[in-house]
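Peer 1: Provided herewith: data-v2.pdb, PDB, C-alpha atoms and all ligand atoms.
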```
ATOM      1  CA  MET A   1      15.857   3.893   7.842  1.00  0.00           C
ATOM      2  CA  THR A   2      12.333   5.329   7.399  1.00  0.00           C
ATOM      3  CA  THR A   3      11.602   4.233   3.820  1.00  0.00           C
ATOM      4  CA  PRO A   4       8.228   2.476   3.591  1.00  0.00           C
ATOM      5  CA  THR A   5       7.905  -1.111   2.402  1.00  0.00           C
ATOM      6  CA  PHE A   6       4.896  -2.070   0.291  1.00  0.00           C
ATOM      7  CA  THR A   7       2.980  -5.356   0.232  1.00  0.00           C
ATOM      8  CA  SER A   8      -0.064  -6.017  -1.923  1.00  0.00           C
ATOM      9  CA  SER A   9      -2.461  -4.230   0.488  1.00  0.00           C
ATOM     10  CA  LEU A  10      -0.233  -2.485   3.026  1.00  0.00           C
ATOM     11  CA  ARG A  11       2.258   0.348   3.416  1.00  0.00           C
ATOM     12  CA  LEU A  12       4.724  -0.608   6.148  1.00  0.00           C
ATOM     13  CA  GLU A  13       6.561   2.165   7.986  1.00  0.00           C
ATOM     14  CA  PRO A  14       9.166   1.639  10.691  1.00  0.00           C
ATOM     15  CA  LEU A  15       7.355   1.814  14.064  1.00  0.00           C
ATOM     16  CA  LEU A  16       8.243   5.202  15.573  1.00  0.00           C
ATOM     17  CA  PRO A  17       7.241   7.186  18.697  1.00  0.00           C
ATOM     18  CA  ARG A  18       4.915   9.287  16.508  1.00  0.00           C
ATOM     19  CA  HIS A  19       2.703   6.174  16.099  1.00  0.00           C
ATOM     20  CA  ARG A  20       2.152   5.983  19.867  1.00  0.00           C
ATOM     21  CA  ALA A  21      -1.499   7.173  19.865  1.00  0.00           C
ATOM     22  CA  LEU A  22      -2.433   4.555  17.231  1.00  0.00           C
ATOM     23  CA  LEU A  23      -0.894   1.752  19.286  1.00  0.00           C
ATOM     24  CA  LEU A  24      -2.499   3.006  22.488  1.00  0.00           C
ATOM     25  CA  THR A  25      -5.968   2.969  20.902  1.00  0.00           C
ATOM     26  CA  MET A  26      -5.385  -0.582  19.667  1.00  0.00           C
ATOM     27  CA  PHE A  27      -4.082  -1.879  23.005  1.00  0.00           C
ATOM     28  CA  GLU A  28      -6.862  -0.128  24.955  1.00  0.00           C
ATOM     29  CA  ASP A  29      -9.397  -2.295  23.057  1.00  0.00           C
ATOM     30  CA  GLN A  30     -10.560  -5.303  25.091  1.00  0.00           C
ATOM     31  CA  ARG A  31     -10.954  -7.368  21.887  1.00  0.00           C
ATOM     32  CA  VAL A  32      -7.199  -7.268  21.291  1.00  0.00           C
ATOM     33  CA  TRP A  33      -6.650  -9.049  24.605  1.00  0.00           C
ATOM     34  CA  THR A  34      -9.194 -11.826  23.978  1.00  0.00           C
ATOM     35  CA  TYR A  35      -6.518 -14.275  22.915  1.00  0.00           C
ATOM     36  CA  LEU A  36      -3.573 -12.793  24.804  1.00  0.00           C
ATOM     37  CA  ASP A  37      -2.568 -12.761  28.440  1.00  0.00           C
ATOM     38  CA  GLY A  38      -3.208  -9.248  29.716  1.00  0.00           C
ATOM     39  CA  SER A  39      -5.815  -6.487  29.657  1.00  0.00           C
ATOM     40  CA  PRO A  40      -6.374  -2.903  28.444  1.00  0.00           C
ATOM     41  CA  ALA A  41      -4.687  -1.793  31.680  1.00  0.00           C
ATOM     42  CA  ASP A  42      -1.442  -2.941  30.029  1.00  0.00           C
ATOM     43  CA  ALA A  43      -1.876  -0.582  27.041  1.00  0.00           C
ATOM     44  CA  GLU A  44       0.696   2.021  28.099  1.00  0.00           C
ATOM     45  CA  LYS A  45       3.453  -0.411  28.987  1.00  0.00           C
ATOM     46  CA  THR A  46       2.771  -2.642  25.975  1.00  0.00           C
ATOM     47  CA  THR A  47       2.926   0.369  23.635  1.00  0.00           C
ATOM     48  CA  THR A  48       6.185   1.555  25.182  1.00  0.00           C
ATOM     49  CA  ARG A  49       7.661  -1.946  24.978  1.00  0.00           C
ATOM     50  CA  PHE A  50       6.908  -2.223  21.252  1.00  0.00           C
ATOM     51  CA  ILE A  51       8.231   1.264  20.438  1.00  0.00           C
ATOM     52  CA  ASP A  52      11.445   0.705  22.406  1.00  0.00           C
ATOM     53  CA  ALA A  53      12.000  -2.781  20.951  1.00  0.00           C
ATOM     54  CA  ALA A  54      11.436  -1.492  17.417  1.00  0.00           C
ATOM     55  CA  GLU A  55      13.988   1.289  17.871  1.00  0.00           C
ATOM     56  CA  LEU A  56      16.611  -0.965  19.452  1.00  0.00           C
ATOM     57  CA  SER A  57      16.266  -3.534  16.683  1.00  0.00           C
ATOM     58  CA  ARG A  58      16.310  -0.918  13.913  1.00  0.00           C
ATOM     59  CA  CYS A  59      19.424   0.773  15.341  1.00  0.00           C
ATOM     60  CA  ALA A  60      21.258  -2.554  15.636  1.00  0.00           C
ATOM     61  CA  THR A  61      20.240  -4.143  12.327  1.00  0.00           C
ATOM     62  CA  GLY A  62      18.284  -1.708  10.130  1.00  0.00           C
ATOM     63  CA  LEU A  63      15.247  -3.963  10.538  1.00  0.00           C
ATOM     64  CA  GLY A  64      12.523  -3.768  13.174  1.00  0.00           C
ATOM     65  CA  ILE A  65       8.778  -3.815  13.788  1.00  0.00           C
ATOM     66  CA  TRP A  66       6.605  -1.967  11.274  1.00  0.00           C
ATOM     67  CA  THR A  67       3.418   0.080  11.552  1.00  0.00           C
ATOM     68  CA  ALA A  68       0.990  -0.977   8.799  1.00  0.00           C
ATOM     69  CA  PHE A  69      -1.448   1.275   6.936  1.00  0.00           C
ATOM     70  CA  LEU A  70      -3.886   0.409   4.174  1.00  0.00           C
ATOM     71  CA  ARG A  71      -2.625   1.259   0.700  1.00  0.00           C
ATOM     72  CA  ALA A  72      -4.717   3.607  -1.409  1.00  0.00           C
ATOM     73  CA  ASP A  73      -5.452   0.909  -3.995  1.00  0.00           C
ATOM     74  CA  SER A  74      -6.691  -1.506  -1.281  1.00  0.00           C
ATOM     75  CA  ALA A  75      -9.211   0.848   0.291  1.00  0.00           C
ATOM     76  CA  ASP A  76     -12.893  -0.053   0.238  1.00  0.00           C
ATOM     77  CA  GLY A  77     -16.153   1.328   1.623  1.00  0.00           C
ATOM     78  CA  ARG A  78     -15.384   0.106   5.135  1.00  0.00           C
ATOM     79  CA  LEU A  79     -11.660   0.854   5.466  1.00  0.00           C
ATOM     80  CA  PRO A  80     -10.439   4.017   3.717  1.00  0.00           C
ATOM     81  CA  SER A  81      -6.963   4.574   2.320  1.00  0.00           C
ATOM     82  CA  GLY A  82      -4.376   5.152   5.031  1.00  0.00           C
ATOM     83  CA  THR A  83      -6.326   3.285   7.741  1.00  0.00           C
ATOM     84  CA  PHE A  84      -4.077   2.088  10.568  1.00  0.00           C
ATOM     85  CA  VAL A  85      -4.055  -1.716  10.263  1.00  0.00           C
ATOM     86  CA  GLY A  86      -1.732  -2.745  13.084  1.00  0.00           C
ATOM     87  CA  ILE A  87       1.873  -3.502  13.871  1.00  0.00           C
ATOM     88  CA  GLY A  88       4.136  -6.426  13.135  1.00  0.00           C
ATOM     89  CA  GLY A  89       7.519  -7.577  12.044  1.00  0.00           C
ATOM     90  CA  VAL A  90      10.769  -8.828  13.430  1.00  0.00           C
ATOM     91  CA  ARG A  91      12.918  -7.493  16.226  1.00  0.00           C
ATOM     92  CA  THR A  92      16.311  -8.738  17.213  1.00  0.00           C
ATOM     93  CA  LEU A  93      16.478 -11.153  20.175  1.00  0.00           C
ATOM     94  CA  SER A  94      20.168 -12.025  19.882  1.00  0.00           C
ATOM     95  CA  ALA A  95      22.885 -12.191  17.247  1.00  0.00           C
ATOM     96  CA  ASP A  96      21.276 -15.398  15.942  1.00  0.00           C
ATOM     97  CA  LEU A  97      17.551 -14.942  16.564  1.00  0.00           C
ATOM     98  CA  TRP A  98      14.667 -12.729  15.444  1.00  0.00           C
ATOM     99  CA  ASN A  99      11.333 -12.505  17.228  1.00  0.00           C
ATOM    100  CA  LEU A 100       8.311 -12.090  14.951  1.00  0.00           C
ATOM    101  CA  GLY A 101       5.306 -10.371  16.572  1.00  0.00           C
ATOM    102  CA  LEU A 102       1.922  -9.174  15.281  1.00  0.00           C
ATOM    103  CA  SER A 103      -1.040  -7.179  16.477  1.00  0.00           C
ATOM    104  CA  ILE A 104      -3.857  -6.183  14.153  1.00  0.00           C
ATOM    105  CA  ALA A 105      -6.467  -3.528  15.038  1.00  0.00           C
ATOM    106  CA  PRO A 106      -9.954  -5.117  15.407  1.00  0.00           C
ATOM    107  CA  ALA A 107     -11.456  -3.065  12.550  1.00  0.00           C
ATOM    108  CA  ALA A 108      -8.991  -4.773  10.198  1.00  0.00           C
ATOM    109  CA  TRP A 109      -9.369  -8.375  11.425  1.00  0.00           C
ATOM    110  CA  GLY A 110     -10.304 -11.202   9.091  1.00  0.00           C
ATOM    111  CA  ARG A 111      -8.908  -9.722   5.884  1.00  0.00           C
ATOM    112  CA  GLY A 112      -5.596 -11.561   5.714  1.00  0.00           C
ATOM    113  CA  TYR A 113      -3.504  -8.635   6.956  1.00  0.00           C
ATOM    114  CA  ALA A 114      -1.786 -10.592   9.764  1.00  0.00           C
ATOM    115  CA  THR A 115      -0.728 -13.165   7.184  1.00  0.00           C
ATOM    116  CA  GLU A 116       0.446 -10.452   4.766  1.00  0.00           C
ATOM    117  CA  LEU A 117       2.436  -8.662   7.474  1.00  0.00           C
ATOM    118  CA  ALA A 118       4.009 -11.862   8.817  1.00  0.00           C
ATOM    119  CA  THR A 119       4.963 -12.967   5.300  1.00  0.00           C
ATOM    120  CA  ALA A 120       6.642  -9.610   4.595  1.00  0.00           C
ATOM    121  CA  ALA A 121       8.533  -9.857   7.895  1.00  0.00           C
ATOM    122  CA  VAL A 122       9.809 -13.384   7.250  1.00  0.00           C
ATOM    123  CA  ASN A 123      10.908 -12.402   3.725  1.00  0.00           C
ATOM    124  CA  ALA A 124      12.713  -9.267   4.925  1.00  0.00           C
ATOM    125  CA  ALA A 125      14.520 -11.170   7.677  1.00  0.00           C
ATOM    126  CA  GLN A 126      15.554 -14.046   5.411  1.00  0.00           C
ATOM    127  CA  VAL A 127      16.814 -11.734   2.668  1.00  0.00           C
ATOM    128  CA  SER A 128      18.734  -9.373   4.973  1.00  0.00           C
ATOM    129  CA  PHE A 129      20.033 -11.957   7.469  1.00  0.00           C
ATOM    130  CA  PRO A 130      19.881 -15.417   5.876  1.00  0.00           C
ATOM    131  CA  ASN A 131      21.770 -17.065   8.758  1.00  0.00           C
ATOM    132  CA  ARG A 132      19.542 -15.746  11.532  1.00  0.00           C
ATOM    133  CA  THR A 133      16.575 -17.849  12.709  1.00  0.00           C
ATOM    134  CA  VAL A 134      13.087 -16.294  12.667  1.00  0.00           C
ATOM    135  CA  THR A 135      11.175 -17.303  15.807  1.00  0.00           C
ATOM    136  CA  ALA A 136       7.717 -16.546  17.196  1.00  0.00           C
ATOM    137  CA  ARG A 137       5.965 -17.406  20.457  1.00  0.00           C
ATOM    138  CA  THR A 138       2.188 -17.565  20.833  1.00  0.00           C
ATOM    139  CA  LEU A 139      -0.346 -18.910  23.285  1.00  0.00           C
ATOM    140  CA  ALA A 140      -2.361 -21.924  22.148  1.00  0.00           C
ATOM    141  CA  LYS A 141      -5.619 -19.969  22.533  1.00  0.00           C
ATOM    142  CA  ASN A 142      -4.365 -17.558  19.862  1.00  0.00           C
ATOM    143  CA  ALA A 143      -5.203 -19.775  16.884  1.00  0.00           C
ATOM    144  CA  GLY A 144      -5.402 -16.865  14.418  1.00  0.00           C
ATOM    145  CA  SER A 145      -1.860 -15.789  15.137  1.00  0.00           C
ATOM    146  CA  GLU A 146      -0.557 -19.350  14.797  1.00  0.00           C
ATOM    147  CA  ARG A 147      -2.372 -19.749  11.443  1.00  0.00           C
ATOM    148  CA  ALA A 148      -0.884 -16.487  10.122  1.00  0.00           C
ATOM    149  CA  LEU A 149       2.631 -17.485  11.208  1.00  0.00           C
ATOM    150  CA  ILE A 150       2.344 -20.906   9.572  1.00  0.00           C
ATOM    151  CA  SER A 151       1.075 -19.332   6.346  1.00  0.00           C
ATOM    152  CA  ALA A 152       4.123 -17.036   6.468  1.00  0.00           C
ATOM    153  CA  GLY A 153       6.424 -20.067   6.417  1.00  0.00           C
ATOM    154  CA  LEU A 154       7.079 -20.856  10.085  1.00  0.00           C
ATOM    155  CA  ARG A 155       6.395 -24.235  11.653  1.00  0.00           C
ATOM    156  CA  VAL A 156       5.621 -25.269  15.212  1.00  0.00           C
ATOM    157  CA  VAL A 157       8.766 -26.734  16.824  1.00  0.00           C
ATOM    158  CA  TRP A 158       7.548 -26.880  20.419  1.00  0.00           C
ATOM    159  CA  ARG A 159       4.237 -27.070  22.337  1.00  0.00           C
ATOM    160  CA  GLY A 160       4.044 -26.997  26.111  1.00  0.00           C
ATOM    161  CA  PRO A 161       3.251 -25.048  29.263  1.00  0.00           C
ATOM    162  CA  SER A 162       4.047 -21.335  29.035  1.00  0.00           C
ATOM    163  CA  ALA A 163       6.808 -20.174  31.381  1.00  0.00           C
ATOM    164  CA  ALA A 164       5.741 -16.522  31.255  1.00  0.00           C
ATOM    165  CA  HIS A 165       1.950 -17.120  31.448  1.00  0.00           C
ATOM    166  CA  PRO A 166       1.182 -19.768  34.101  1.00  0.00           C
ATOM    167  CA  GLY A 167      -1.760 -21.998  33.220  1.00  0.00           C
ATOM    168  CA  GLU A 168      -1.497 -21.257  29.489  1.00  0.00           C
ATOM    169  CA  GLU A 169      -0.252 -23.532  26.714  1.00  0.00           C
ATOM    170  CA  ALA A 170       2.400 -21.975  24.492  1.00  0.00           C
ATOM    171  CA  ARG A 171       3.711 -22.583  20.982  1.00  0.00           C
ATOM    172  CA  ILE A 172       7.147 -21.843  19.540  1.00  0.00           C
ATOM    173  CA  LEU A 173       7.428 -21.467  15.775  1.00  0.00           C
ATOM    174  CA  THR A 174      10.585 -21.034  13.698  1.00  0.00           C
ATOM    175  CA  ASP A 175      11.631 -20.914  10.040  1.00  0.00           C
ATOM    176  CA  ARG A 176      14.287 -23.639  10.573  1.00  0.00           C
ATOM    177  CA  GLN A 177      15.312 -26.094  13.251  1.00  0.00           C
ATOM    178  CA  PRO A 178      16.746 -24.069  16.165  1.00  0.00           C
ATOM    179  CA  ARG A 179      19.855 -25.212  18.030  1.00  0.00           C
ATOM    180  CA  GLY A 180      19.157 -27.011  21.325  1.00  0.00           C
ATOM    181  CA  SER A 181      20.372 -24.067  23.439  1.00  0.00           C
ATOM    182  CA  GLU A 182      18.237 -21.647  21.407  1.00  0.00           C
ATOM    183  CA  LEU A 183      15.128 -23.775  21.853  1.00  0.00           C
ATOM    184  CA  GLU A 184      15.818 -24.003  25.603  1.00  0.00           C
ATOM    185  CA  TRP A 185      16.033 -20.223  25.802  1.00  0.00           C
ATOM    186  CA  LEU A 186      12.817 -19.772  23.808  1.00  0.00           C
ATOM    187  CA  ILE A 187      10.980 -22.291  26.027  1.00  0.00           C
ATOM    188  CA  HIS A 188      12.094 -20.429  29.168  1.00  0.00           C
ATOM    189  CA  SER A 189      10.680 -17.182  27.754  1.00  0.00           C
ATOM    190  CA  SER A 190       7.565 -18.685  26.130  1.00  0.00           C
TER     191      SER A 190
HETATM  192  C1  LIG B 201      -4.653 -12.953  15.754  1.00  0.00           C
HETATM  193  C2  LIG B 201      -4.581 -11.816  14.725  1.00  0.00           C
HETATM  194  C3  LIG B 201      -3.113 -11.405  14.578  1.00  0.00           C
HETATM  195  C4  LIG B 201      -5.166 -12.279  13.387  1.00  0.00           C
HETATM  196  O1  LIG B 201      -5.166 -11.167  12.494  1.00  0.00           O
HETATM  197  P1  LIG B 201      -6.001 -11.206  11.116  1.00  0.00           P
HETATM  198  O2  LIG B 201      -5.480 -10.133  10.230  1.00  0.00           O
HETATM  199  O3  LIG B 201      -7.449 -11.221  11.423  1.00  0.00           O
HETATM  200  O4  LIG B 201      -5.559 -12.653  10.544  1.00  0.00           O
HETATM  201  P2  LIG B 201      -5.695 -13.176   9.045  1.00  0.00           P
HETATM  202  O5  LIG B 201      -6.915 -12.566   8.430  1.00  0.00           O
HETATM  203  O6  LIG B 201      -4.389 -13.030   8.351  1.00  0.00           O
HETATM  204  O7  LIG B 201      -6.010 -14.717   9.323  1.00  0.00           O
HETATM  205  C5  LIG B 201      -4.996 -15.682   9.550  1.00  0.00           C
HETATM  206  C6  LIG B 201      -5.639 -17.050   9.740  1.00  0.00           C
HETATM  207  O8  LIG B 201      -6.129 -17.141  11.085  1.00  0.00           O
HETATM  208  C7  LIG B 201      -7.515 -17.435  11.095  1.00  0.00           C
HETATM  209  N1  LIG B 201      -8.059 -16.680  12.219  1.00  0.00           N
HETATM  210  C8  LIG B 201      -8.093 -15.352  12.388  1.00  0.00           C
HETATM  211  N2  LIG B 201      -8.632 -15.042  13.585  1.00  0.00           N
HETATM  212  C9  LIG B 201      -8.917 -16.244  14.177  1.00  0.00           C
HETATM  213  C10 LIG B 201      -9.497 -16.601  15.427  1.00  0.00           C
HETATM  214  N3  LIG B 201      -9.892 -15.686  16.314  1.00  0.00           N
HETATM  215  N4  LIG B 201      -9.647 -17.915  15.708  1.00  0.00           N
HETATM  216  C11 LIG B 201      -9.268 -18.867  14.827  1.00  0.00           C
HETATM  217  N5  LIG B 201      -8.694 -18.587  13.617  1.00  0.00           N
HETATM  218  C12 LIG B 201      -8.547 -17.279  13.315  1.00  0.00           C
HETATM  219  C13 LIG B 201      -8.032 -16.965   9.739  1.00  0.00           C
HETATM  220  O9  LIG B 201      -9.199 -17.650   9.358  1.00  0.00           O
HETATM  221  C14 LIG B 201      -6.846 -17.337   8.837  1.00  0.00           C
HETATM  222  O10 LIG B 201      -6.852 -18.733   8.632  1.00  0.00           O
HETATM  223  P3  LIG B 201      -6.376 -19.393   7.237  1.00  0.00           P
HETATM  224  O11 LIG B 201      -4.921 -19.017   7.058  1.00  0.00           O
HETATM  225  O12 LIG B 201      -6.582 -20.835   7.427  1.00  0.00           O
HETATM  226  O13 LIG B 201      -7.235 -18.751   6.192  1.00  0.00           O
HETATM  227  C15 LIG B 201      -5.448 -10.606  15.227  1.00  0.00           C
HETATM  228  O14 LIG B 201      -6.740 -11.073  15.545  1.00  0.00           O
HETATM  229  C16 LIG B 201      -4.884  -9.916  16.427  1.00  0.00           C
HETATM  230  O15 LIG B 201      -4.001  -9.072  16.295  1.00  0.00           O
HETATM  231  N6  LIG B 201      -5.416 -10.233  17.633  1.00  0.00           N
HETATM  232  C17 LIG B 201      -5.083  -9.563  18.879  1.00  0.00           C
HETATM  233  C18 LIG B 201      -3.637  -9.493  19.221  1.00  0.00           C
HETATM  234  C19 LIG B 201      -2.911 -10.759  18.993  1.00  0.00           C
HETATM  235  O16 LIG B 201      -3.474 -11.806  19.160  1.00  0.00           O
HETATM  236  N7  LIG B 201      -1.655 -10.621  18.610  1.00  0.00           N
HETATM  237  C20 LIG B 201      -0.802 -11.743  18.346  1.00  0.00           C
HETATM  238  C21 LIG B 201       0.177 -11.935  19.446  1.00  0.00           C
HETATM  239  S1  LIG B 201       1.253 -13.302  19.097  1.00  0.00           S
END
```
What is this structure when it is put down as structure tokens?
Ligand SMILES: CC(C)(COP(=O)(O)OP(=O)(O)OC[C@H]1O[C@@H](n2cnc3c(N)ncnc32)[C@H](O)[C@@H]1OP(=O)(O)O)[C@@H](O)C(=O)NCCC(=O)NCCS
Peer 2:
Amino acid sequence: MTTPTFTSSLRLEPLLPRHRALLLTMFEDQRVWTYLDGSPADAEKTTTRFIDAAELSRCATGLGIWTAFLRADSADGRLPSGTFVGIGGVRTLSADLWNLGLSIAPAAWGRGYATELATAAVNAAQVSFPNRTVTARTLAKNAGSERALISAGLRVVWRGPSAAHPGEEARILTDRQPRGSELEWLIHSS
């Protein structure tokens, strides 16, 4: 499905291989990695991971990660119509779980777009798959991401040491109480 979805400021298109150069530019920017574990050297593999995950999720469910652009009626002197804003949305983790992820291009930070994108993703997931839990994992140092996810309706259900990023504190957020086995799985991949 390639039909765009519209939010108040954004046009959301399914993330496709043709968006690769936009993602690469974003992930080659050191500022994007300030609050994440990684570096611009990871740009190629991170871009490929997002594109592949988006396609897999979309093929399986019709829903996947979006690429966000600024709507014409939200343009201003600094960001023109059609500006690439970032990527975000849900991808399938299992038959019962979504993963919600976000990455906003630095030029578009601080304008509420992460919150707008996360809110659209939670709504789309809950409407299309009401029985499937929306989950997100962030590092504690990424306060902006956690704020956006909470504003989108998720709540923190676990805080503790990250399994995937030694030395970092992680957070798990969900839109409902996960089952014990689901939480265990999320903690092991946090
Ligand atoms: C973190 C990120 C998603 C925030 O995007 P954004 O569009 O600037 O966020 P919003 O404007 O919607 O702001 C969301 C909230 O976070 C706060 N916030 C944003 N950046 C913040 C920061 N660096 N530190 C603390 N709070 C921050 C905002 O003030 C806002 O708070 P509020 O809801 O209380 O008003 C963006 O900076 C980003 O993509 N960073 C790099 C990649 C990344 O971290 N991805 C997330 C991986 S889980």
Peer 1: Please evaluate the PyMOL selection byres (((chain A and resi 90-98) around 7) and not hetatm) against the structure above and give the resulting residues as a short mmCIF file (atom, residue, chain, number, x, y, z; two decimals) with C-alpha atoms, in the coordinates of the input.
Peer 2:
```cif
data_model
loop_
_atom_site.label_atom_id
_atom_site.label_comp_id
_atom_site.auth_asym_id
_atom_site.auth_seq_id
_atom_site.Cartn_x
_atom_site.Cartn_y
_atom_site.Cartn_z
CA ALA A 53 12.00 -2.78 20.95
CA ALA A 54 11.44 -1.49 17.42
CA SER A 57 16.27 -3.53 16.68
CA GLY A 64 12.52 -3.77 13.17
CA ILE A 65 8.78 -3.82 13.79
CA GLY A 89 7.52 -7.58 12.04
CA ASN A 99 11.33 -12.50 17.23
CA LEU A 100 8.31 -12.09 14.95
CA GLY A 101 5.31 -10.37 16.57
CA ALA A 121 8.53 -9.86 7.90
CA ARG A 132 19.54 -15.75 11.53
CA THR A 133 16.58 -17.85 12.71
CA VAL A 134 13.09 -16.29 12.67
CA THR A 135 11.18 -17.30 15.81
#
```
Peer 1: Could you please extract the residues within 6 Å of ligand LIG 201 (chain B), counting all atoms listed in the file, and hand them back as a list in words?
Peer 2: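 Listing the residues within 6 Å of ligand LIG 201 (chain B) gives Val32, Trp33, Tyr35, Leu36, Gly101, Leu102, Ser103, Ile104, Trp109, Gly110, Arg111, Gly112, Tyr113, Ala114, Thr115, Thr138, Asn142, Ala143, Gly144, Ser145, Arg147 and Ala148 of chain A.
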Peer 1: List the residues selected by the PyMOL selection byres (((chain A and resi 153) around 9) and not hetatm) in the file shown, writing them as a count of residues only.
Peer 2: 12
Peer 1: For the PyMOL selection byres (((chain A and resi 42-49) around 7) and not hetatm), applied here, can you spell out every residue it catches as a list in words?
Peer 2: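 That expression, the PyMOL selection byres (((chain A and resi 42-49) around 7) and not hetatm), corresponds here to Arg20, Leu23, Leu24, Phe27, Glu28, Gly38, Ser39, Pro40, Ala41, Phe50, Ile51, Asp52 and Ala53 of chain A.
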Peer 1: Have a look at atom CA of A:Pro80 and atom CA of A:Ser8 and let me know their distance in Å, one decimal.
Peer 2: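 Straight-line distance from atom CA of A:Pro80 to atom CA of A:Ser8 works out to 15.5 Å.
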Peer 1: From the list A:Leu139, A:Ala68, A:Ala75, A:Leu16, which residue is nearest A:Ala105 when using only C-alpha atoms?
Peer 2: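 Closest residue, counting only C-alpha atoms: A:Ala68.
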Peer 1: Here is a test: counting all atoms listed in the file, which residue of A:Ala108, A:Ala125, A:Ala136, A:Ala170 is nearest to A:Ile87?
Peer 2: A:Ala108
Peer 1: In Å, with one decimal, what is the gap from atom CA of A:Thr5 to atom CA of A:Ala60?
Peer 2: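 According to the coordinates, atom CA of A:Thr5 and atom CA of A:Ala60 are separated by 18.9 Å.
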Peer 1: Could you state the separation of atom CA of A:Pro14 and atom CA of A:Asp73 in Å, given to one decimal place?
Peer 2: 20.7 Å
Peer 1: Using only C-alpha atoms, pick whichever of A:Gly77, A:Gly88, A:Pro106, A:Gly62 has the shortest atom-to-atom distance to A:Met26.
Peer 2: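 Smallest distance to A:Met26 is found for A:Pro106.
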Peer 1: From the list A:His188, A:Leu70, A:Trp158, A:Gln30, which residue is nearest A:Glu116 when using only C-alpha atoms?
Peer 2: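 Of the candidates, the smallest distance to A:Glu116 is held by A:Leu70.
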Peer 1: Quick one: everything within 9 Å of A:Ala107, counting all atoms listed in the file, minus sequence neighbours fewer than 4 positions away in the same chain. Send it as a PDB file with C-alpha atoms, keeping the file's coordinate frame.
Peer 2:
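Result file is part.pdb:
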```pdb
ATOM      1  CA  ARG A  78     -15.384   0.106   5.135  1.00  0.00           C
ATOM      2  CA  LEU A  79     -11.660   0.854   5.466  1.00  0.00           C
ATOM      3  CA  VAL A  85      -4.055  -1.716  10.263  1.00  0.00           C
TER       4      VAL A  85
END
```
Peer 1: Which is closest to A:Thr83 among A:Leu15, A:Asp29, A:Ser9, A:Arg171, if we use only C-alpha atoms?
Peer 2: A:Ser9
Peer 1: Which is closer to A:Leu10 than all the others in A:Gly82, A:Pro130, A:Pro161, A:Pro178, using all atoms listed in the file?
Peer 2: A:Gly82
Peer 1: I'd like the neighbourhood of A:Glu13 as a PDB file with C-alpha atoms, in the coordinates of the input, where a residue qualifies if any of its atoms comes within 6 Å (using all atoms listed in the file), though same-chain residues fewer than 3 positions away should be ignored.
Peer 2:
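Result went into part34.pdb, see below:
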```
ATOM      1  CA  PRO A   4       8.228   2.476   3.591  1.00  0.00           C
ATOM      2  CA  TRP A  66       6.605  -1.967  11.274  1.00  0.00           C
ATOM      3  CA  THR A  67       3.418   0.080  11.552  1.00  0.00           C
TER       4      THR A  67
END
```
Peer 1: Taking the partial coordinates given, rebuild stretch 107-119 of chain A to contain N, CA and C atoms; return it as a PDB file, in the coordinates of the input.
Peer 2:
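The result, written out as part.pdb:
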```
ATOM      1  N   ALA A 107     -10.721  -3.471  13.767  1.00  0.00           N
ATOM      2  CA  ALA A 107     -11.456  -3.065  12.550  1.00  0.00           C
ATOM      3  C   ALA A 107     -10.897  -3.732  11.297  1.00  0.00           C
ATOM      4  N   ALA A 108      -9.645  -4.195  11.381  1.00  0.00           N
ATOM      5  CA  ALA A 108      -8.991  -4.773  10.198  1.00  0.00           C
ATOM      6  C   ALA A 108      -8.847  -6.293  10.292  1.00  0.00           C
ATOM      7  N   TRP A 109      -9.479  -6.915  11.274  1.00  0.00           N
ATOM      8  CA  TRP A 109      -9.369  -8.375  11.425  1.00  0.00           C
ATOM      9  C   TRP A 109     -10.072  -9.098  10.276  1.00  0.00           C
ATOM     10  N   GLY A 110      -9.607 -10.302  10.007  1.00  0.00           N
ATOM     11  CA  GLY A 110     -10.304 -11.202   9.091  1.00  0.00           C
ATOM     12  C   GLY A 110     -10.131 -10.879   7.627  1.00  0.00           C
ATOM     13  N   ARG A 111      -9.127 -10.094   7.286  1.00  0.00           N
ATOM     14  CA  ARG A 111      -8.908  -9.722   5.884  1.00  0.00           C
ATOM     15  C   ARG A 111      -7.542 -10.187   5.374  1.00  0.00           C
ATOM     16  N   GLY A 112      -6.875 -11.025   6.149  1.00  0.00           N
ATOM     17  CA  GLY A 112      -5.596 -11.561   5.714  1.00  0.00           C
ATOM     18  C   GLY A 112      -4.400 -10.665   6.005  1.00  0.00           C
ATOM     19  N   TYR A 113      -4.618  -9.574   6.749  1.00  0.00           N
ATOM     20  CA  TYR A 113      -3.504  -8.635   6.956  1.00  0.00           C
ATOM     21  C   TYR A 113      -2.427  -9.188   7.880  1.00  0.00           C
ATOM     22  N   ALA A 114      -2.815  -9.987   8.899  1.00  0.00           N
ATOM     23  CA  ALA A 114      -1.786 -10.592   9.764  1.00  0.00           C
ATOM     24  C   ALA A 114      -0.885 -11.495   8.925  1.00  0.00           C
ATOM     25  N   THR A 115      -1.498 -12.258   8.042  1.00  0.00           N
ATOM     26  CA  THR A 115      -0.728 -13.165   7.184  1.00  0.00           C
ATOM     27  C   THR A 115       0.188 -12.360   6.252  1.00  0.00           C
ATOM     28  N   GLU A 116      -0.344 -11.282   5.697  1.00  0.00           N
ATOM     29  CA  GLU A 116       0.446 -10.452   4.766  1.00  0.00           C
ATOM     30  C   GLU A 116       1.638  -9.803   5.488  1.00  0.00           C
ATOM     31  N   LEU A 117       1.382  -9.320   6.684  1.00  0.00           N
ATOM     32  CA  LEU A 117       2.436  -8.662   7.474  1.00  0.00           C
ATOM     33  C   LEU A 117       3.500  -9.685   7.904  1.00  0.00           C
ATOM     34  N   ALA A 118       3.051 -10.833   8.375  1.00  0.00           N
ATOM     35  CA  ALA A 118       4.009 -11.862   8.817  1.00  0.00           C
ATOM     36  C   ALA A 118       4.848 -12.354   7.634  1.00  0.00           C
ATOM     37  N   THR A 119       4.224 -12.501   6.481  1.00  0.00           N
ATOM     38  CA  THR A 119       4.963 -12.967   5.300  1.00  0.00           C
ATOM     39  C   THR A 119       6.029 -11.945   4.896  1.00  0.00           C
TER      40      THR A 119
END
```
